[in-house]
Structures are given as C-alpha cells and as structure tokens.
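A.B. asks: Please find coords-v4.cif (mmCIF, C-alpha atoms and all ligand atoms) on the next line:
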```cif
data_run
#
loop_
_atom_site.label_atom_id
_atom_site.label_comp_id
_atom_site.auth_asym_id
_atom_site.auth_seq_id
_atom_site.Cartn_x
_atom_site.Cartn_y
_atom_site.Cartn_z
CA MET A 2 3.79 117.67 188.87
CA LYS A 3 4.02 114.32 187.22
CA VAL A 4 3.61 115.23 183.55
CA ALA A 5 4.08 118.63 181.92
CA ILE A 6 2.59 119.11 178.47
CA THR A 7 3.85 122.09 176.50
CA TYR A 8 1.34 123.32 173.94
CA HIS A 9 0.81 126.53 171.97
CA GLU A 10 -2.17 127.27 169.73
CA ASP A 11 0.19 128.59 167.04
CA PHE A 12 1.24 124.98 166.33
CA SER A 13 -2.21 124.24 164.90
CA LYS A 14 -2.62 127.66 163.27
CA HIS A 15 0.82 128.24 161.77
CA GLY A 16 2.55 124.84 161.93
CA PHE A 17 3.88 123.11 158.83
CA SER A 18 1.02 122.36 156.43
CA VAL A 19 1.36 118.57 156.55
CA LEU A 20 1.74 118.44 160.34
CA LYS A 21 -0.63 121.04 161.73
CA ASP A 22 -4.08 119.51 161.14
CA ARG A 23 -3.47 116.79 163.74
CA ILE A 24 -2.52 119.21 166.50
CA ARG A 25 -5.86 120.60 167.55
CA PRO A 26 -7.75 117.26 167.38
CA SER A 27 -5.14 115.53 169.52
CA TYR A 28 -5.15 118.41 172.00
CA GLU A 29 -8.93 118.35 172.25
CA ALA A 30 -8.87 114.56 172.69
CA LEU A 31 -6.38 115.06 175.48
CA LEU A 32 -8.66 117.60 177.17
CA GLU A 33 -11.62 115.23 176.81
CA SER A 34 -9.61 112.27 178.13
CA GLY A 35 -9.96 113.49 181.71
CA LEU A 36 -6.19 113.19 182.18
CA ILE A 37 -5.56 116.91 182.64
CA ASP A 38 -6.21 117.62 186.30
CA GLY A 39 -4.26 120.89 186.64
CA ASP A 40 -2.23 119.28 189.38
CA GLU A 41 -0.36 116.10 188.48
CA ILE A 42 -0.80 116.65 184.75
CA GLN A 43 -0.60 120.24 183.58
CA ILE A 44 -0.55 122.09 180.28
CA ILE A 45 2.11 124.77 180.04
CA LYS A 46 2.21 127.48 177.38
CA PRO A 47 5.80 127.65 176.09
CA GLU A 48 7.78 130.75 175.28
CA THR A 49 9.85 131.15 172.17
CA THR A 50 13.51 130.06 172.28
CA PRO A 51 16.06 132.86 172.68
CA LEU A 52 17.48 133.51 169.21
CA SER A 53 21.00 133.37 170.62
CA LEU A 54 20.56 129.67 171.35
CA VAL A 55 19.25 128.96 167.85
CA GLU A 56 22.30 130.79 166.50
CA GLN A 57 24.62 128.69 168.64
CA ALA A 58 23.17 125.52 167.14
CA HIS A 59 22.96 126.52 163.49
CA SER A 60 25.38 128.06 161.01
CA PRO A 61 25.18 131.74 160.02
CA MET A 62 24.31 130.64 156.48
CA HIS A 63 21.39 128.53 157.73
CA MET A 64 20.15 131.40 159.88
CA GLN A 65 20.35 133.66 156.84
CA ASN A 66 18.49 131.13 154.67
CA MET A 67 15.74 130.82 157.27
CA SER A 68 15.39 134.56 157.87
CA THR A 69 12.47 134.99 155.47
CA ASP A 70 10.99 131.49 155.72
CA PRO A 71 7.26 131.56 156.57
CA TYR A 72 7.77 128.76 159.14
CA ARG A 73 10.71 130.43 160.91
CA ASP A 74 8.74 131.80 163.85
CA VAL A 75 6.71 128.66 164.56
CA ALA A 76 9.92 126.60 164.29
CA ILE A 77 11.58 128.77 166.95
CA LEU A 78 8.45 128.46 169.09
CA SER A 79 8.55 124.68 168.61
CA ALA A 80 12.13 124.62 169.89
CA GLY A 81 10.88 126.71 172.82
CA SER A 82 8.24 124.09 173.54
CA VAL A 83 10.89 121.36 173.74
CA MET A 84 13.15 123.58 175.82
CA VAL A 85 10.48 124.49 178.37
CA ALA A 86 9.45 120.83 178.64
CA ALA A 87 13.04 119.70 179.19
CA GLU A 88 13.78 122.46 181.69
CA LEU A 89 10.73 121.50 183.76
CA VAL A 90 12.00 117.92 183.88
CA ALA A 91 15.65 118.84 184.45
CA SER A 92 14.73 121.11 187.36
CA GLY A 93 12.58 118.41 188.95
CA GLN A 94 9.36 120.41 188.58
CA ALA A 95 7.98 117.60 186.39
CA HIS A 96 8.86 113.91 186.24
CA TYR A 97 7.99 113.63 182.56
CA ALA A 98 7.08 115.95 179.73
CA PHE A 99 5.40 115.86 176.35
CA ALA A 100 6.25 118.71 173.99
CA TYR A 101 3.90 119.64 171.17
CA THR A 102 5.55 121.21 168.14
CA GLY A 103 4.40 122.90 164.94
CA THR A 104 7.42 121.88 162.91
CA ALA A 105 9.66 118.86 163.34
CA GLY A 106 13.38 119.01 164.12
CA HIS A 107 15.29 115.83 163.35
CA HIS A 108 16.08 116.67 159.72
CA ALA A 109 17.61 120.02 160.69
CA SER A 110 21.40 119.86 160.76
CA ARG A 111 23.78 122.68 161.66
CA GLY A 112 23.81 124.01 158.13
CA GLY A 113 20.59 122.85 156.47
CA CYS A 114 17.17 121.31 156.78
CA TRP A 115 14.46 119.41 154.92
CA GLY A 116 11.35 117.36 155.62
CA PHE A 117 9.14 119.78 157.61
CA CYS A 118 12.13 120.65 159.86
CA TYR A 119 13.76 124.08 160.22
CA PHE A 120 15.70 124.19 163.47
CA ASN A 121 16.77 121.17 165.53
CA ASP A 122 14.61 121.51 168.64
CA VAL A 123 16.40 118.78 170.61
CA ALA A 124 19.92 119.97 169.70
CA ILE A 125 19.04 123.54 170.72
CA THR A 126 17.57 122.24 173.98
CA ILE A 127 20.71 120.21 174.74
CA ILE A 128 22.81 123.39 174.41
CA LYS A 129 20.55 124.98 177.02
CA LEU A 130 20.60 121.95 179.33
CA ARG A 131 24.40 121.86 179.18
CA GLN A 132 24.45 125.49 180.31
CA LEU A 133 22.42 124.29 183.30
CA GLY A 134 24.98 121.59 184.12
CA LEU A 135 23.56 118.46 182.50
CA ASP A 136 25.87 116.67 180.12
CA ARG A 137 24.78 113.22 178.99
CA PHE A 138 21.66 112.49 176.98
CA LEU A 139 19.86 109.57 175.40
CA ILE A 140 17.91 110.27 172.21
CA VAL A 141 15.51 107.57 171.00
CA ASP A 142 14.20 108.55 167.59
CA VAL A 143 11.18 106.37 166.78
CA ASP A 144 10.07 108.47 163.82
CA PRO A 145 10.47 106.13 160.82
CA HIS A 146 12.46 108.71 158.85
CA PHE A 147 16.23 108.76 159.42
CA GLY A 148 17.17 111.45 161.94
CA ASP A 149 20.02 112.81 159.84
CA GLY A 150 19.98 116.31 161.31
CA THR A 151 20.25 115.04 164.87
CA ARG A 152 23.06 112.73 163.76
CA ASP A 153 24.91 115.71 162.25
CA PHE A 154 24.90 117.39 165.65
CA PHE A 155 25.87 114.41 167.78
CA LYS A 156 27.74 111.88 165.65
CA ASP A 157 31.07 112.71 167.29
CA ASP A 158 29.64 113.38 170.75
CA PRO A 159 30.17 110.36 173.03
CA ASN A 160 27.95 111.98 175.67
CA VAL A 161 24.86 111.64 173.49
CA LEU A 162 23.62 108.17 172.60
CA HIS A 163 21.46 108.43 169.50
CA ILE A 164 19.25 105.38 168.85
CA ASN A 165 17.75 105.99 165.47
CA PHE A 166 14.97 103.80 164.05
CA HIS A 167 14.28 104.16 160.36
CA SER A 168 12.49 102.42 157.52
CA GLY A 169 15.65 101.62 155.56
CA SER A 170 17.58 98.39 156.01
CA GLY A 171 20.49 97.17 158.12
CA GLN A 172 21.82 97.90 161.57
CA ASN A 173 24.89 99.89 162.44
CA TYR A 174 26.31 100.50 165.90
CA ASP A 175 29.15 102.97 166.31
CA GLY A 176 30.41 102.56 169.85
CA ASN A 177 32.82 105.52 169.67
CA GLY A 178 30.24 108.15 168.87
CA ASN A 179 27.40 106.26 170.53
CA ASN A 180 25.34 106.17 167.35
CA TYR A 181 22.98 103.29 166.68
CA ASP A 182 20.93 102.95 163.52
CA ILE A 183 18.20 100.33 163.23
CA GLY A 184 16.63 99.83 159.84
CA LEU A 185 13.36 97.94 160.14
CA GLY A 186 12.18 98.21 156.54
CA PHE A 187 9.04 99.89 155.36
CA ASP A 188 6.54 97.33 156.68
CA ALA A 189 7.72 96.70 160.24
CA ASN A 190 4.87 95.55 162.47
CA ASP A 191 4.30 96.13 166.20
CA THR A 192 6.26 93.06 167.28
CA GLN A 193 9.25 93.79 165.09
CA PHE A 194 9.37 97.40 166.24
CA LEU A 195 8.92 96.70 169.95
CA ASP A 196 11.41 93.81 169.94
CA ALA A 197 13.96 96.02 168.19
CA LEU A 198 13.34 98.77 170.73
CA LYS A 199 13.97 96.39 173.63
CA SER A 200 17.13 95.06 171.96
CA ALA A 201 18.46 98.56 171.31
CA LEU A 202 17.90 99.63 174.91
CA GLU A 203 19.56 96.43 176.13
CA LEU A 204 22.63 97.25 174.03
CA ALA A 205 22.59 100.78 175.51
CA LYS A 206 22.20 99.70 179.13
CA ASP A 207 25.73 100.72 180.17
CA PHE A 208 25.31 104.25 178.85
CA ASP A 209 24.73 106.61 181.75
CA PHE A 210 22.61 109.68 181.03
CA GLN A 211 20.68 112.37 182.88
CA LEU A 212 17.79 112.98 180.51
CA ALA A 213 16.22 111.10 177.61
CA PHE A 214 14.39 112.49 174.60
CA VAL A 215 11.98 110.46 172.49
CA ILE A 216 11.55 111.89 169.02
CA PHE A 217 7.98 110.79 168.68
CA GLY A 218 6.75 110.55 165.11
CA HIS A 219 3.43 108.79 164.70
CA ASP A 220 3.95 108.76 160.93
CA SER A 221 4.94 105.16 161.79
CA HIS A 222 1.24 104.26 162.15
CA GLU A 223 -0.23 102.08 159.39
CA ASP A 224 -2.65 104.87 158.43
CA ASP A 225 -0.07 107.66 158.44
CA TYR A 226 2.41 108.71 155.75
CA GLY A 227 5.75 107.31 156.94
CA GLY A 228 7.36 103.89 157.02
CA PHE A 229 6.40 101.06 159.42
CA ASN A 230 2.94 99.58 159.79
CA LEU A 231 2.32 100.07 163.50
CA THR A 232 -1.12 99.76 165.06
CA PHE A 233 -2.53 101.78 167.96
CA LYS A 234 -1.37 99.08 170.38
CA ALA A 235 2.30 99.79 169.70
CA TYR A 236 2.42 103.35 171.05
CA PRO A 237 1.52 102.88 174.73
CA ARG A 238 3.72 99.77 174.80
CA MET A 239 6.60 101.75 173.31
CA ALA A 240 6.09 104.49 175.89
CA GLN A 241 5.99 101.96 178.74
CA ILE A 242 9.19 100.23 177.60
CA ILE A 243 11.05 103.53 177.40
CA LYS A 244 9.60 104.81 180.68
CA ASP A 245 10.65 101.61 182.48
CA TYR A 246 14.11 101.85 180.95
CA VAL A 247 14.63 105.50 181.89
CA GLY A 248 13.54 104.94 185.49
CA ASP A 249 14.27 107.92 187.72
CA LYS A 250 16.01 109.94 185.04
CA GLY A 251 14.33 112.65 183.01
CA LEU A 252 12.13 111.78 180.04
CA VAL A 253 10.78 114.16 177.42
CA PHE A 254 8.64 113.13 174.46
CA VAL A 255 8.97 115.47 171.47
CA LEU A 256 6.26 115.43 168.83
CA SER A 257 7.75 114.75 165.38
CA GLY A 258 6.21 113.45 162.12
CA GLY A 259 2.60 112.51 161.50
CA SER A 260 -0.38 114.10 159.79
CA CYS A 261 -3.42 111.93 160.56
CA ALA A 262 -5.75 113.55 163.07
CA HIS A 263 -7.43 110.25 163.99
CA VAL A 264 -4.00 108.79 164.80
CA ALA A 265 -2.77 111.77 166.81
CA GLU A 266 -5.98 112.08 168.82
CA ARG A 267 -5.46 108.56 170.05
CA VAL A 268 -1.69 108.05 170.36
CA VAL A 269 -0.89 111.36 172.09
CA PRO A 270 -3.29 110.78 175.02
CA ASP A 271 -2.18 107.12 175.13
CA VAL A 272 1.46 108.12 175.57
CA ILE A 273 0.61 110.76 178.18
CA ARG A 274 -1.52 108.22 180.07
CA ILE A 275 1.50 105.90 180.28
CA LEU A 276 3.76 108.73 181.45
CA ALA A 277 1.21 109.58 184.13
CA GLY A 278 0.96 105.95 185.23
CA ARG A 279 -2.79 105.92 184.75
ZN ZN A 301 8.92 111.05 159.99
#
```
Have the structure of the file written as structure tokens, please.

C.D. replies:
Amino acid sequence: MKVAITYHEDFSKHGFSVLKDRIRPSYEALLESGLIDGDEIQIIKPETTPLSLVEQAHSPMHMQNMSTDPYRDVAILSAGSVMVAAELVASGQAHYAFAYTGTAGHHASRGGCWGFCYFNDVAITIIKLRQLGLDRFLIVDVDPHFGDGTRDFFKDDPNVLHINFHSGSGQNYDGNGNNYDIGLGFDANDTQFLDALKSALELAKDFDFQLAFVIFGHDSHEDDYGGFNLTFKAYPRMAQIIKDYVGDKGLVFVLSGGSCAHVAERVVPDVIRILAGR
C-alpha cells in the first residue's frame, strides 16, 4: 500500500484531555475526504506496545511513577500506533505512514515527562526498528514546542539527526551529536517556517538515514495553542518538502500537539493527500 494510517478509537475516548477532541473530527474528515480506498490508502488498528520495549526506553523510576497514571494505557497504545506505522514502512508494506496518537511523546525523556507526554513514542519505536536491523534515523520535529524528551534520548547518538523547530530564539547546530535546533520565535509565518525547513534539510543533506519521522504538531497553526502563526497552506507544503527530501526512504508522520478540531480536520487529510500523491 502507499499510505498506512494507524488509528485507534481509544485516542479520542481516552486521550489526553487537551488533545483528544480533535481526533474524531479529523478521522471523520479523513473518511469523508474519499482518500481511504482500502487499497493504496488503508487504516490499520494498532496494537499496544510490548511493555518490555517501554521499559527499555524509560527508567525504572519513570515506569514506577507512571504505573498509576490515568493516561498510562493510552500512552502505551499511542507508542504502539507509531511502532506499527513504522514497522509497516520499514518492512516495505507501506511507502508512508501517518500515526494517530492519544498522547504526545516528545516531552518524555528517559526519566521524566511533561506537556501531555508520558512515554516517548518515537524513541521506543527506534529501539524496535534497531532490533529489526535499521540503524540511522532522521527526526524532524515541527511541533513548535522544544522536543526536549527526544533530545534526551538522542543527543549523543550520531546515528539520529534531530532537527528541532521551536518557538524560542536562536539556532544551534551540534555536528557531533547531529542535533539541530531552530528557534523561529512565537510569530513565525508560513514563509519563515518553510524557508527554515528547506535550509535545515539542506544542511542535513549529507546525513544518510533509513527512515524519517516527522513529529507533527499542528499546535503551530494560528488558531491553535502553540507558537508559530501558520496558516492551512503551510501544512501540505511542509509535507511535500519533507516527502521530496526523503525520497525512497521511509517516512512516518507522528501526530503530536494540537487541540483545535477545525485545524486537525483539515491538516491531517491534507498531509495524507500529499503522502498519497493525490
Ligand atoms: Zn506542541
């Protein structure tokens, strides 16, 4: 298939309070878009992540702290959604994937978490992919909040290039650990964001990787709660730029921040339409 979409109804029922109300409207908009044909574009129901993998990623103290958290189960299911999506791409069963989640992941470090995140879905998935023989990964975090949890996992890992957009200021490129932070301020518009994305990918062009993740927070939209002032036009352009850059390698979009239903019901189908080449 061309695009696999991993979705579970628990994300809208039991997802984090701020994030969950956008899930069902965006899913229904996707169904009504006519994109889902059951052949080239399919919806897959994910399974929960094996607990052993979550325990490999996170410290015993963090696991203990999360043991009674009301969002624990949906966070593990969210990591499962990312893992199933990435495995479908890594195995060649899908060219691209879009993973719905009920909690976010990029503020979850080995030993802690904040900001609607509990377990780091992408870090857990990379452990699994490395067991399958993949080694080098590109992570493009376009959520306007700083992906500090993801950085905690990969700051010293030269085989993971972490391009991290945020609404702070300044740029910092660490060539040893392959960490790149791009602060665009709180009011970045479409042009500033897309130009910075192209520049970052140009700087990264010599980094070889097997699979790319996009940490896709639409809290960057002008109507949503995060930094940046992006319009609807920015999201399909962003997806096209990244898709063109990734080429034949694997590409997985991972839903991150955002609460506005009217934003999600437009940007999620728009991104999937680009992935499908429609
Ligand atoms: Zn965010």

A.B. asks: For ligand ZN 301 (chain A), which residue among A:Ile183, A:Leu256, A:Val161, A:Ala124 is the nearest when counting all atoms listed in the file?

C.D. replies: A:Leu256

A.B. asks: May I have the residues within 6 Å of ligand ZN 301 (chain A), computed using all atoms listed in the file, as a ChimeraX atom specification?

C.D. replies: /A:144-146,218,220,227,258

A.B. asks: As a list in words, please: the residues near segment 171-182 of chain A (cut-off 10 Å, only C-alpha atoms, same-chain neighbours under 6 positions excluded).

C.D. replies: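 Near neighbours after the sequence-gap exclusion: Leu139, Ile140, Val141, Asp142, Phe147, Gly148, Arg152, Phe155, Lys156, Asp157, Asp158, Pro159, Asn160, Val161, Leu162, His163, Ile164, Asn165, Ala201, Leu204, Ala205 and Phe208 of chain A.
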
A.B. asks: Go through A:Tyr101, A:Tyr226, A:Tyr8, A:Phe233 one by one, measure the shortest atom-to-atom distance of each to Phe254 of chain A using only C-alpha atoms, and give the residue with the smallest value.

C.D. replies: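 Under the stated criterion, the closest residue is A:Tyr101.
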
A.B. asks: Point out the residue among A:His219, A:His96, A:Lys3, A:Lys206 with the least atom-to-atom distance to Cys261 of chain A, counting all atoms listed in the file.

C.D. replies: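 That would be A:His219, the residue with the smallest distance to Cys261 of chain A.
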
A.B. asks: Show me the residues close to (4.1, 108.3, 168.7) - anything with an atom within 10 Å, counting only C-alpha atoms - and format the list as a ChimeraX atom specification.

C.D. replies: /A:143-144,215-222,231,233,235-237,239-240,254-259,264-265,267-269,271-272

A.B. asks: Those same residues, written as a compact mmCIF listing (two decimals), keeping the file's coordinate frame with C-alpha atoms?

C.D. replies:
```txt
# COMPACT_ATOMS: atom_id res chain seq x y z
CA VAL A 143 11.18 106.37 166.78
CA ASP A 144 10.07 108.47 163.82
CA VAL A 215 11.98 110.46 172.49
CA ILE A 216 11.55 111.89 169.02
CA PHE A 217 7.98 110.79 168.68
CA GLY A 218 6.75 110.55 165.11
CA HIS A 219 3.43 108.79 164.70
CA ASP A 220 3.95 108.76 160.93
CA SER A 221 4.94 105.16 161.79
CA HIS A 222 1.24 104.26 162.15
CA LEU A 231 2.32 100.07 163.50
CA PHE A 233 -2.53 101.78 167.96
CA ALA A 235 2.30 99.79 169.70
CA TYR A 236 2.42 103.35 171.05
CA PRO A 237 1.52 102.88 174.73
CA MET A 239 6.60 101.75 173.31
CA ALA A 240 6.09 104.49 175.89
CA PHE A 254 8.64 113.13 174.46
CA VAL A 255 8.97 115.47 171.47
CA LEU A 256 6.26 115.43 168.83
CA SER A 257 7.75 114.75 165.38
CA GLY A 258 6.21 113.45 162.12
CA GLY A 259 2.60 112.51 161.50
CA VAL A 264 -4.00 108.79 164.80
CA ALA A 265 -2.77 111.77 166.81
CA ARG A 267 -5.46 108.56 170.05
CA VAL A 268 -1.69 108.05 170.36
CA VAL A 269 -0.89 111.36 172.09
CA ASP A 271 -2.18 107.12 175.13
CA VAL A 272 1.46 108.12 175.57
```

A.B. asks: Assuming the input is short of atoms at segment 109-125 of chain A, produce N, CA and C atoms for that part as a PDB file, in the frame of the given file.

C.D. replies:
```pdb
ATOM      1  N   ALA A 109      16.881 118.742 160.708  1.00  0.00           N
ATOM      2  CA  ALA A 109      17.610 120.020 160.690  1.00  0.00           C
ATOM      3  C   ALA A 109      19.018 119.779 161.229  1.00  0.00           C
ATOM      4  N   SER A 110      20.005 119.970 160.357  1.00  0.00           N
ATOM      5  CA  SER A 110      21.400 119.860 160.760  1.00  0.00           C
ATOM      6  C   SER A 110      21.935 121.254 161.062  1.00  0.00           C
ATOM      7  N   ARG A 111      23.221 121.349 161.369  1.00  0.00           N
ATOM      8  CA  ARG A 111      23.780 122.680 161.660  1.00  0.00           C
ATOM      9  C   ARG A 111      23.581 123.640 160.482  1.00  0.00           C
ATOM     10  N   GLY A 112      23.774 123.114 159.285  1.00  0.00           N
ATOM     11  CA  GLY A 112      23.810 124.010 158.130  1.00  0.00           C
ATOM     12  C   GLY A 112      22.681 123.832 157.128  1.00  0.00           C
ATOM     13  N   GLY A 113      21.659 123.052 157.451  1.00  0.00           N
ATOM     14  CA  GLY A 113      20.590 122.850 156.470  1.00  0.00           C
ATOM     15  C   GLY A 113      19.384 122.179 157.087  1.00  0.00           C
ATOM     16  N   CYS A 114      18.373 121.966 156.278  1.00  0.00           N
ATOM     17  CA  CYS A 114      17.170 121.310 156.780  1.00  0.00           C
ATOM     18  C   CYS A 114      16.313 120.837 155.620  1.00  0.00           C
ATOM     19  N   TRP A 115      15.436 119.892 155.904  1.00  0.00           N
ATOM     20  CA  TRP A 115      14.460 119.410 154.920  1.00  0.00           C
ATOM     21  C   TRP A 115      13.335 118.737 155.705  1.00  0.00           C
ATOM     22  N   GLY A 116      12.344 118.235 155.010  1.00  0.00           N
ATOM     23  CA  GLY A 116      11.350 117.360 155.620  1.00  0.00           C
ATOM     24  C   GLY A 116      10.584 117.960 156.787  1.00  0.00           C
ATOM     25  N   PHE A 117      10.003 119.129 156.607  1.00  0.00           N
ATOM     26  CA  PHE A 117       9.140 119.780 157.610  1.00  0.00           C
ATOM     27  C   PHE A 117       9.922 120.225 158.846  1.00  0.00           C
ATOM     28  N   CYS A 118      11.268 120.245 158.743  1.00  0.00           N
ATOM     29  CA  CYS A 118      12.130 120.650 159.860  1.00  0.00           C
ATOM     30  C   CYS A 118      12.841 121.947 159.490  1.00  0.00           C
ATOM     31  N   TYR A 119      13.095 122.789 160.462  1.00  0.00           N
ATOM     32  CA  TYR A 119      13.760 124.080 160.220  1.00  0.00           C
ATOM     33  C   TYR A 119      14.929 124.271 161.175  1.00  0.00           C
ATOM     34  N   PHE A 120      14.663 124.123 162.455  1.00  0.00           N
ATOM     35  CA  PHE A 120      15.700 124.190 163.470  1.00  0.00           C
ATOM     36  C   PHE A 120      15.618 122.904 164.302  1.00  0.00           C
ATOM     37  N   ASN A 121      16.771 122.435 164.791  1.00  0.00           N
ATOM     38  CA  ASN A 121      16.770 121.170 165.530  1.00  0.00           C
ATOM     39  C   ASN A 121      16.406 121.420 166.991  1.00  0.00           C
ATOM     40  N   ASP A 122      15.135 121.187 167.308  1.00  0.00           N
ATOM     41  CA  ASP A 122      14.610 121.510 168.640  1.00  0.00           C
ATOM     42  C   ASP A 122      15.369 120.804 169.762  1.00  0.00           C
ATOM     43  N   VAL A 123      15.704 119.529 169.554  1.00  0.00           N
ATOM     44  CA  VAL A 123      16.400 118.780 170.610  1.00  0.00           C
ATOM     45  C   VAL A 123      17.850 119.246 170.747  1.00  0.00           C
ATOM     46  N   ALA A 124      18.517 119.510 169.630  1.00  0.00           N
ATOM     47  CA  ALA A 124      19.920 119.970 169.700  1.00  0.00           C
ATOM     48  C   ALA A 124      20.002 121.333 170.387  1.00  0.00           C
ATOM     49  N   ILE A 125      19.075 122.219 170.081  1.00  0.00           N
ATOM     50  CA  ILE A 125      19.040 123.540 170.720  1.00  0.00           C
ATOM     51  C   ILE A 125      18.802 123.373 172.226  1.00  0.00           C
TER      52      ILE A 125
END
```
